[in-house]
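Colleague: Input file: structure_36.csv. Contents: CSV, N, CA and C atoms.
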```csv
chain,number,residue,atom,x,y,z
Y,1,MET,N,36.6,61.4,27.2
Y,1,MET,CA,36.2,60.2,28.0
Y,1,MET,C,36.4,59.0,27.2
Y,2,SER,N,36.9,57.9,27.8
Y,2,SER,CA,37.1,56.7,27.1
Y,2,SER,C,36.8,55.5,28.1
Y,3,TYR,N,36.5,54.4,27.5
Y,3,TYR,CA,36.2,53.2,28.3
Y,3,TYR,C,36.9,52.0,27.6
Y,4,SER,N,37.5,51.3,28.4
Y,4,SER,CA,38.3,50.1,27.8
Y,4,SER,C,37.7,48.8,28.4
Y,5,VAL,N,37.4,47.9,27.5
Y,5,VAL,CA,36.9,46.6,28.0
Y,5,VAL,C,37.8,45.5,27.3
Y,6,PRO,N,37.9,44.4,28.0
Y,6,PRO,CA,38.7,43.3,27.4
Y,6,PRO,C,38.0,42.7,26.1
Y,7,GLY,N,38.8,42.3,25.1
Y,7,GLY,CA,38.2,41.8,23.9
Y,7,GLY,C,37.4,40.5,24.2
Y,8,SER,N,37.8,39.8,25.2
Y,8,SER,CA,37.0,38.5,25.6
Y,8,SER,C,35.6,38.8,26.0
Y,9,MET,N,35.4,40.0,26.7
Y,9,MET,CA,34.1,40.4,27.1
Y,9,MET,C,33.2,40.7,25.9
Y,10,LEU,N,33.7,41.4,24.9
Y,10,LEU,CA,32.9,41.7,23.7
Y,10,LEU,C,32.7,40.4,22.9
Y,11,THR,N,33.7,39.6,22.9
Y,11,THR,CA,33.5,38.3,22.2
Y,11,THR,C,32.4,37.5,22.8
Y,12,GLY,N,32.3,37.4,24.1
Y,12,GLY,CA,31.3,36.7,24.8
Y,12,GLY,C,29.9,37.3,24.5
Y,13,ILE,N,29.8,38.6,24.5
Y,13,ILE,CA,28.5,39.2,24.3
Y,13,ILE,C,28.1,38.9,22.8
Y,14,LEU,N,29.0,39.1,21.9
Y,14,LEU,CA,28.6,38.8,20.5
Y,14,LEU,C,28.3,37.3,20.3
Y,15,GLY,N,29.0,36.4,21.1
Y,15,GLY,CA,28.6,35.0,21.0
Y,15,GLY,C,27.2,34.7,21.5
Y,16,GLN,N,26.8,35.4,22.6
Y,16,GLN,CA,25.4,35.2,23.1
Y,16,GLN,C,24.4,35.7,22.1
Y,17,ILE,N,24.7,36.8,21.5
Y,17,ILE,CA,23.8,37.4,20.4
Y,17,ILE,C,23.7,36.4,19.3
Y,18,ARG,N,24.8,35.9,18.8
Y,18,ARG,CA,24.8,35.0,17.7
Y,18,ARG,C,24.0,33.7,18.0
Y,19,THR,N,24.2,33.2,19.2
Y,19,THR,CA,23.5,32.0,19.6
Y,19,THR,C,21.9,32.2,19.6
Y,20,GLN,N,21.5,33.4,20.1
Y,20,GLN,CA,20.1,33.7,20.1
Y,20,GLN,C,19.5,33.8,18.7
Y,21,LEU,N,20.3,34.5,17.9
Y,21,LEU,CA,19.9,34.6,16.5
Y,21,LEU,C,19.8,33.3,15.7
Y,22,VAL,N,20.7,32.4,16.0
Y,22,VAL,CA,20.7,31.1,15.4
Y,22,VAL,C,19.5,30.3,15.9
Y,23,ASP,N,19.1,30.4,17.1
Y,23,ASP,CA,18.0,29.8,17.7
Y,23,ASP,C,16.7,30.3,17.0
Y,24,VAL,N,16.6,31.6,16.8
Y,24,VAL,CA,15.4,32.2,16.2
Y,24,VAL,C,15.3,31.7,14.8
Y,25,VAL,N,16.4,31.8,14.0
Y,25,VAL,CA,16.4,31.4,12.6
Y,25,VAL,C,16.0,29.9,12.5
Y,26,ALA,N,16.5,29.1,13.4
Y,26,ALA,CA,16.2,27.6,13.4
Y,26,ALA,C,14.7,27.4,13.6
Y,27,ASP,N,14.1,28.1,14.6
Y,27,ASP,CA,12.7,28.0,14.8
Y,27,ASP,C,11.9,28.4,13.6
Y,28,LEU,N,12.3,29.5,12.9
Y,28,LEU,CA,11.6,30.1,11.8
Y,28,LEU,C,11.7,29.2,10.6
Y,29,THR,N,12.8,28.5,10.4
Y,29,THR,CA,13.0,27.7,9.2
Y,29,THR,C,12.6,26.2,9.4
Y,30,ALA,N,12.2,25.9,10.6
Y,30,ALA,CA,11.8,24.5,10.9
Y,30,ALA,C,10.6,24.1,10.1
Y,31,GLU,N,9.6,25.0,10.0
Y,31,GLU,CA,8.4,24.7,9.3
Y,31,GLU,C,8.1,25.5,8.0
Y,32,THR,N,9.1,26.3,7.7
Y,32,THR,CA,8.9,27.2,6.5
Y,32,THR,C,9.9,26.8,5.4
Y,33,PRO,N,9.5,26.6,4.2
Y,33,PRO,CA,10.5,26.3,3.2
Y,33,PRO,C,11.4,27.5,3.0
Y,34,LEU,N,12.6,27.2,2.6
Y,34,LEU,CA,13.6,28.3,2.4
Y,34,LEU,C,13.3,29.3,1.3
Y,35,THR,N,12.3,28.9,0.4
Y,35,THR,CA,11.9,29.8,-0.6
Y,35,THR,C,10.8,30.7,-0.2
Y,36,GLU,N,10.3,30.6,1.0
Y,36,GLU,CA,9.2,31.5,1.5
Y,36,GLU,C,9.6,32.2,2.7
Y,37,LEU,N,8.9,33.3,3.0
Y,37,LEU,CA,9.2,34.0,4.3
Y,37,LEU,C,8.2,33.4,5.3
Y,38,PRO,N,8.7,33.4,6.6
Y,38,PRO,CA,7.8,32.9,7.7
Y,38,PRO,C,6.6,33.9,7.9
Y,39,ARG,N,5.5,33.3,8.4
Y,39,ARG,CA,4.4,34.2,8.8
Y,39,ARG,C,4.7,35.1,10.0
Y,40,LYS,N,4.0,36.2,10.1
Y,40,LYS,CA,4.2,37.1,11.2
Y,40,LYS,C,4.0,36.4,12.5
Y,41,GLN,N,3.0,35.6,12.6
Y,41,GLN,CA,2.7,34.9,13.9
Y,41,GLN,C,4.0,34.0,14.3
Y,42,ALA,N,4.6,33.4,13.3
Y,42,ALA,CA,5.8,32.5,13.6
Y,42,ALA,C,6.9,33.4,14.1
Y,43,VAL,N,7.1,34.5,13.4
Y,43,VAL,CA,8.2,35.4,13.8
Y,43,VAL,C,8.0,36.0,15.2
Y,44,ASP,N,6.8,36.4,15.5
Y,44,ASP,CA,6.5,36.9,16.8
Y,44,ASP,C,6.7,35.9,17.9
Y,45,ALA,N,6.3,34.6,17.6
Y,45,ALA,CA,6.4,33.5,18.6
Y,45,ALA,C,7.9,33.2,18.8
Y,46,ALA,N,8.7,33.1,17.7
Y,46,ALA,CA,10.1,32.8,17.9
Y,46,ALA,C,10.9,33.9,18.6
Y,47,VAL,N,10.6,35.2,18.3
Y,47,VAL,CA,11.3,36.3,18.9
Y,47,VAL,C,10.8,36.4,20.4
Y,48,GLY,N,9.5,36.2,20.6
Y,48,GLY,CA,9.0,36.2,22.0
Y,48,GLY,C,9.7,35.1,22.9
Y,49,GLN,N,9.9,33.9,22.3
Y,49,GLN,CA,10.4,32.8,23.1
Y,49,GLN,C,11.9,33.0,23.3
Y,50,HIS,N,12.7,33.5,22.4
Y,50,HIS,CA,14.1,33.5,22.5
Y,50,HIS,C,14.7,34.9,23.0
Y,51,ILE,N,14.0,35.9,22.6
Y,51,ILE,CA,14.5,37.3,22.9
Y,51,ILE,C,13.7,38.0,23.9
Y,52,GLY,N,12.4,37.9,23.8
Y,52,GLY,CA,11.4,38.6,24.7
Y,52,GLY,C,10.3,39.2,23.9
Y,53,THR,N,9.3,39.7,24.6
Y,53,THR,CA,8.2,40.2,23.8
Y,53,THR,C,8.4,41.7,23.4
Y,54,GLN,N,9.2,42.4,24.0
Y,54,GLN,CA,9.5,43.8,23.7
Y,54,GLN,C,10.7,43.8,22.8
Y,55,TYR,N,10.5,44.2,21.6
Y,55,TYR,CA,11.7,44.3,20.6
Y,55,TYR,C,11.4,45.3,19.6
Y,56,ASN,N,12.4,45.9,19.1
Y,56,ASN,CA,12.4,46.9,18.0
Y,56,ASN,C,13.3,46.4,16.9
Y,57,THR,N,12.9,46.4,15.7
Y,57,THR,CA,13.7,46.1,14.6
Y,57,THR,C,13.6,47.2,13.6
Y,58,THR,N,14.8,47.6,13.1
Y,58,THR,CA,14.8,48.7,12.2
Y,58,THR,C,15.4,48.1,10.9
Y,59,ILE,N,14.7,48.3,9.8
Y,59,ILE,CA,15.1,47.9,8.5
Y,59,ILE,C,15.4,49.1,7.6
Y,60,GLN,N,16.6,49.1,7.0
Y,60,GLN,CA,17.0,50.2,6.2
Y,60,GLN,C,16.3,50.0,4.8
Y,61,ALA,N,15.5,50.9,4.4
Y,61,ALA,CA,14.8,50.8,3.2
Y,61,ALA,C,15.2,52.0,2.3
Y,62,ALA,N,14.7,52.0,1.1
Y,62,ALA,CA,15.1,53.1,0.1
Y,62,ALA,C,14.7,54.4,0.6
Y,63,ASN,N,13.6,54.5,1.4
Y,63,ASN,CA,13.2,55.8,1.9
Y,63,ASN,C,13.5,56.0,3.4
Y,64,GLY,N,14.5,55.3,3.9
Y,64,GLY,CA,14.9,55.4,5.3
Y,64,GLY,C,14.6,54.3,6.2
Y,65,PRO,N,14.8,54.4,7.5
Y,65,PRO,CA,14.6,53.3,8.4
Y,65,PRO,C,13.1,53.1,8.6
Y,66,THR,N,12.7,51.8,8.9
Y,66,THR,CA,11.3,51.5,9.1
Y,66,THR,C,11.3,50.6,10.4
Y,67,ALA,N,10.5,51.0,11.4
Y,67,ALA,CA,10.4,50.3,12.6
Y,67,ALA,C,9.3,49.2,12.5
Y,68,ILE,N,9.5,48.0,13.1
Y,68,ILE,CA,8.6,47.0,13.1
Y,68,ILE,C,8.3,46.6,14.6
Y,69,GLY,N,7.0,46.4,14.9
Y,69,GLY,CA,6.7,46.0,16.3
Y,69,GLY,C,5.8,47.0,17.0
Y,70,SER,N,5.2,46.6,18.0
Y,70,SER,CA,4.3,47.5,18.7
Y,70,SER,C,5.1,48.6,19.4
Y,71,LYS,N,4.6,49.8,19.2
Y,71,LYS,CA,5.2,51.0,19.8
Y,71,LYS,C,6.7,51.2,19.4
Y,72,ALA,N,7.0,50.7,18.2
Y,72,ALA,CA,8.4,50.9,17.7
Y,72,ALA,C,8.5,52.2,17.0
Y,73,LYS,N,9.7,52.8,17.2
Y,73,LYS,CA,10.0,54.1,16.5
Y,73,LYS,C,11.3,53.9,15.7
Y,74,ALA,N,11.3,54.5,14.5
Y,74,ALA,CA,12.5,54.4,13.7
Y,74,ALA,C,13.2,55.7,13.7
Y,75,LYS,N,14.5,55.7,13.8
Y,75,LYS,CA,15.3,56.9,13.7
Y,75,LYS,C,16.6,56.6,12.9
Y,76,ALA,N,17.1,57.5,12.1
Y,76,ALA,CA,18.3,57.3,11.3
Y,76,ALA,C,19.4,58.0,12.0
Y,77,GLU,N,20.1,57.3,12.9
Y,77,GLU,CA,21.3,57.8,13.6
Y,77,GLU,C,22.1,56.6,14.0
Y,78,GLY,N,23.3,56.9,14.4
Y,78,GLY,CA,24.2,55.9,14.9
Y,78,GLY,C,25.2,55.5,13.8
Y,79,LEU,N,25.7,54.2,14.0
Y,79,LEU,CA,26.8,53.7,13.1
Y,79,LEU,C,26.3,53.4,11.7
Y,80,SER,N,27.1,53.6,10.8
Y,80,SER,CA,26.8,53.1,9.4
Y,80,SER,C,27.3,51.6,9.4
Y,81,VAL,N,26.8,50.9,8.4
Y,81,VAL,CA,27.2,49.5,8.2
Y,81,VAL,C,28.7,49.4,8.1
Y,82,GLU,N,29.4,50.3,7.4
Y,82,GLU,CA,30.8,50.3,7.3
Y,82,GLU,C,31.5,50.5,8.6
Y,83,ASP,N,31.0,51.4,9.5
Y,83,ASP,CA,31.6,51.6,10.8
Y,83,ASP,C,31.4,50.4,11.7
Y,84,ALA,N,30.2,49.7,11.6
Y,84,ALA,CA,30.0,48.5,12.4
Y,84,ALA,C,30.9,47.4,12.0
Y,85,ILE,N,31.2,47.3,10.7
Y,85,ILE,CA,32.1,46.2,10.2
Y,85,ILE,C,33.5,46.5,10.7
Y,86,LYS,N,33.9,47.7,10.7
Y,86,LYS,CA,35.3,48.1,11.2
Y,86,LYS,C,35.4,47.7,12.7
Y,87,LEU,N,34.3,48.0,13.4
Y,87,LEU,CA,34.4,47.7,14.8
Y,87,LEU,C,34.4,46.2,15.1
Y,88,LEU,N,33.6,45.5,14.3
Y,88,LEU,CA,33.6,44.0,14.5
Y,88,LEU,C,35.0,43.4,14.1
Y,89,ASP,N,35.6,44.0,13.1
Y,89,ASP,CA,37.0,43.5,12.7
Y,89,ASP,C,37.9,43.8,13.8
Y,90,GLY,N,37.8,44.9,14.5
Y,90,GLY,CA,38.7,45.3,15.6
Y,90,GLY,C,38.4,44.3,16.8
Y,91,VAL,N,37.2,43.9,17.0
Y,91,VAL,CA,36.9,43.0,18.1
Y,91,VAL,C,37.5,41.6,17.8
Y,92,GLN,N,37.4,41.2,16.5
Y,92,GLN,CA,38.0,39.9,16.1
Y,92,GLN,C,39.5,39.9,16.3
Y,93,SER,N,40.2,41.0,15.9
Y,93,SER,CA,41.6,41.1,16.1
Y,93,SER,C,42.0,41.0,17.6
Y,94,MET,N,41.2,41.7,18.4
Y,94,MET,CA,41.5,41.7,19.8
Y,94,MET,C,41.3,40.3,20.4
Y,95,ALA,N,40.3,39.6,20.0
Y,95,ALA,CA,40.0,38.3,20.5
Y,95,ALA,C,41.1,37.3,20.1
Y,96,ARG,N,41.7,37.5,18.9
Y,96,ARG,CA,42.8,36.6,18.5
Y,96,ARG,C,44.0,36.8,19.3
Y,97,GLY,N,44.2,37.9,19.9
Y,97,GLY,CA,45.4,38.0,20.7
Y,97,GLY,C,46.1,39.3,20.6
```
Here is the file; what I need is its structure written in the form of structure tokens.

Modeller:
Amino acid sequence: MSYSVPGSMLTGILGQIRTQLVDVVADLTAETPLTELPRKQAVDAAVGQHIGTQYNTTIQAANGPTAIGSKAKAKAEGLSVEDAIKLLDGVQSMARG
């Protein structure tokens, strides 16, 4: 089974994700010095405003993935970082032409 999508579609989706992440980071750094981490309340407010109140974040730690957020579950499966980079490189080449 295979599925083919135009590169412009993936480029558009990645562009929307990038824009939302930039907005979240801008909100978090507006009142927090770059040498400090934002408070949990500020992170929750920024994510809630730009992404929504239901979110799961997985951080790879030395002892495996850690889930953050209410009712979050961590699992170690899916793409590796190297695989994701290869896929993003492929999307960029398709977007160029």

Colleague: Could you jot down the atom CA of Y:Gln41 to atom C of Y:Asp27 separation for me, Å, one decimal place?

Modeller: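 Pair atom CA of Y:Gln41 / atom C of Y:Asp27 returns 11.3 Å.
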
Colleague: Separation of atom N of Y:Ala30 and atom CA of Y:Val47, in Å?

Modeller: 13.3 Å

Colleague: Just the number, please: distance in Å from atom CA of Y:Ile13 to atom CA of Y:Lys40, one decimal.

Modeller: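 It comes out at 27.7 Å.
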
Colleague: Looking at all atoms listed in the file, which of Y:Gly15, Y:Gly78, Y:Gly7, Y:Gly48 is the one that sits closest to Y:Gln92?

Modeller: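 Ranked by minimum distance to Y:Gln92, first place goes to Y:Gly7.
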
Colleague: For Y:Arg18, which of Y:Ala84, Y:Ala72, Y:Ile51, Y:Leu34 is the closest residue, counting only C-alpha atoms?

Modeller: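 Residue with the minimum atom-to-atom distance to Y:Arg18: Y:Ile51.
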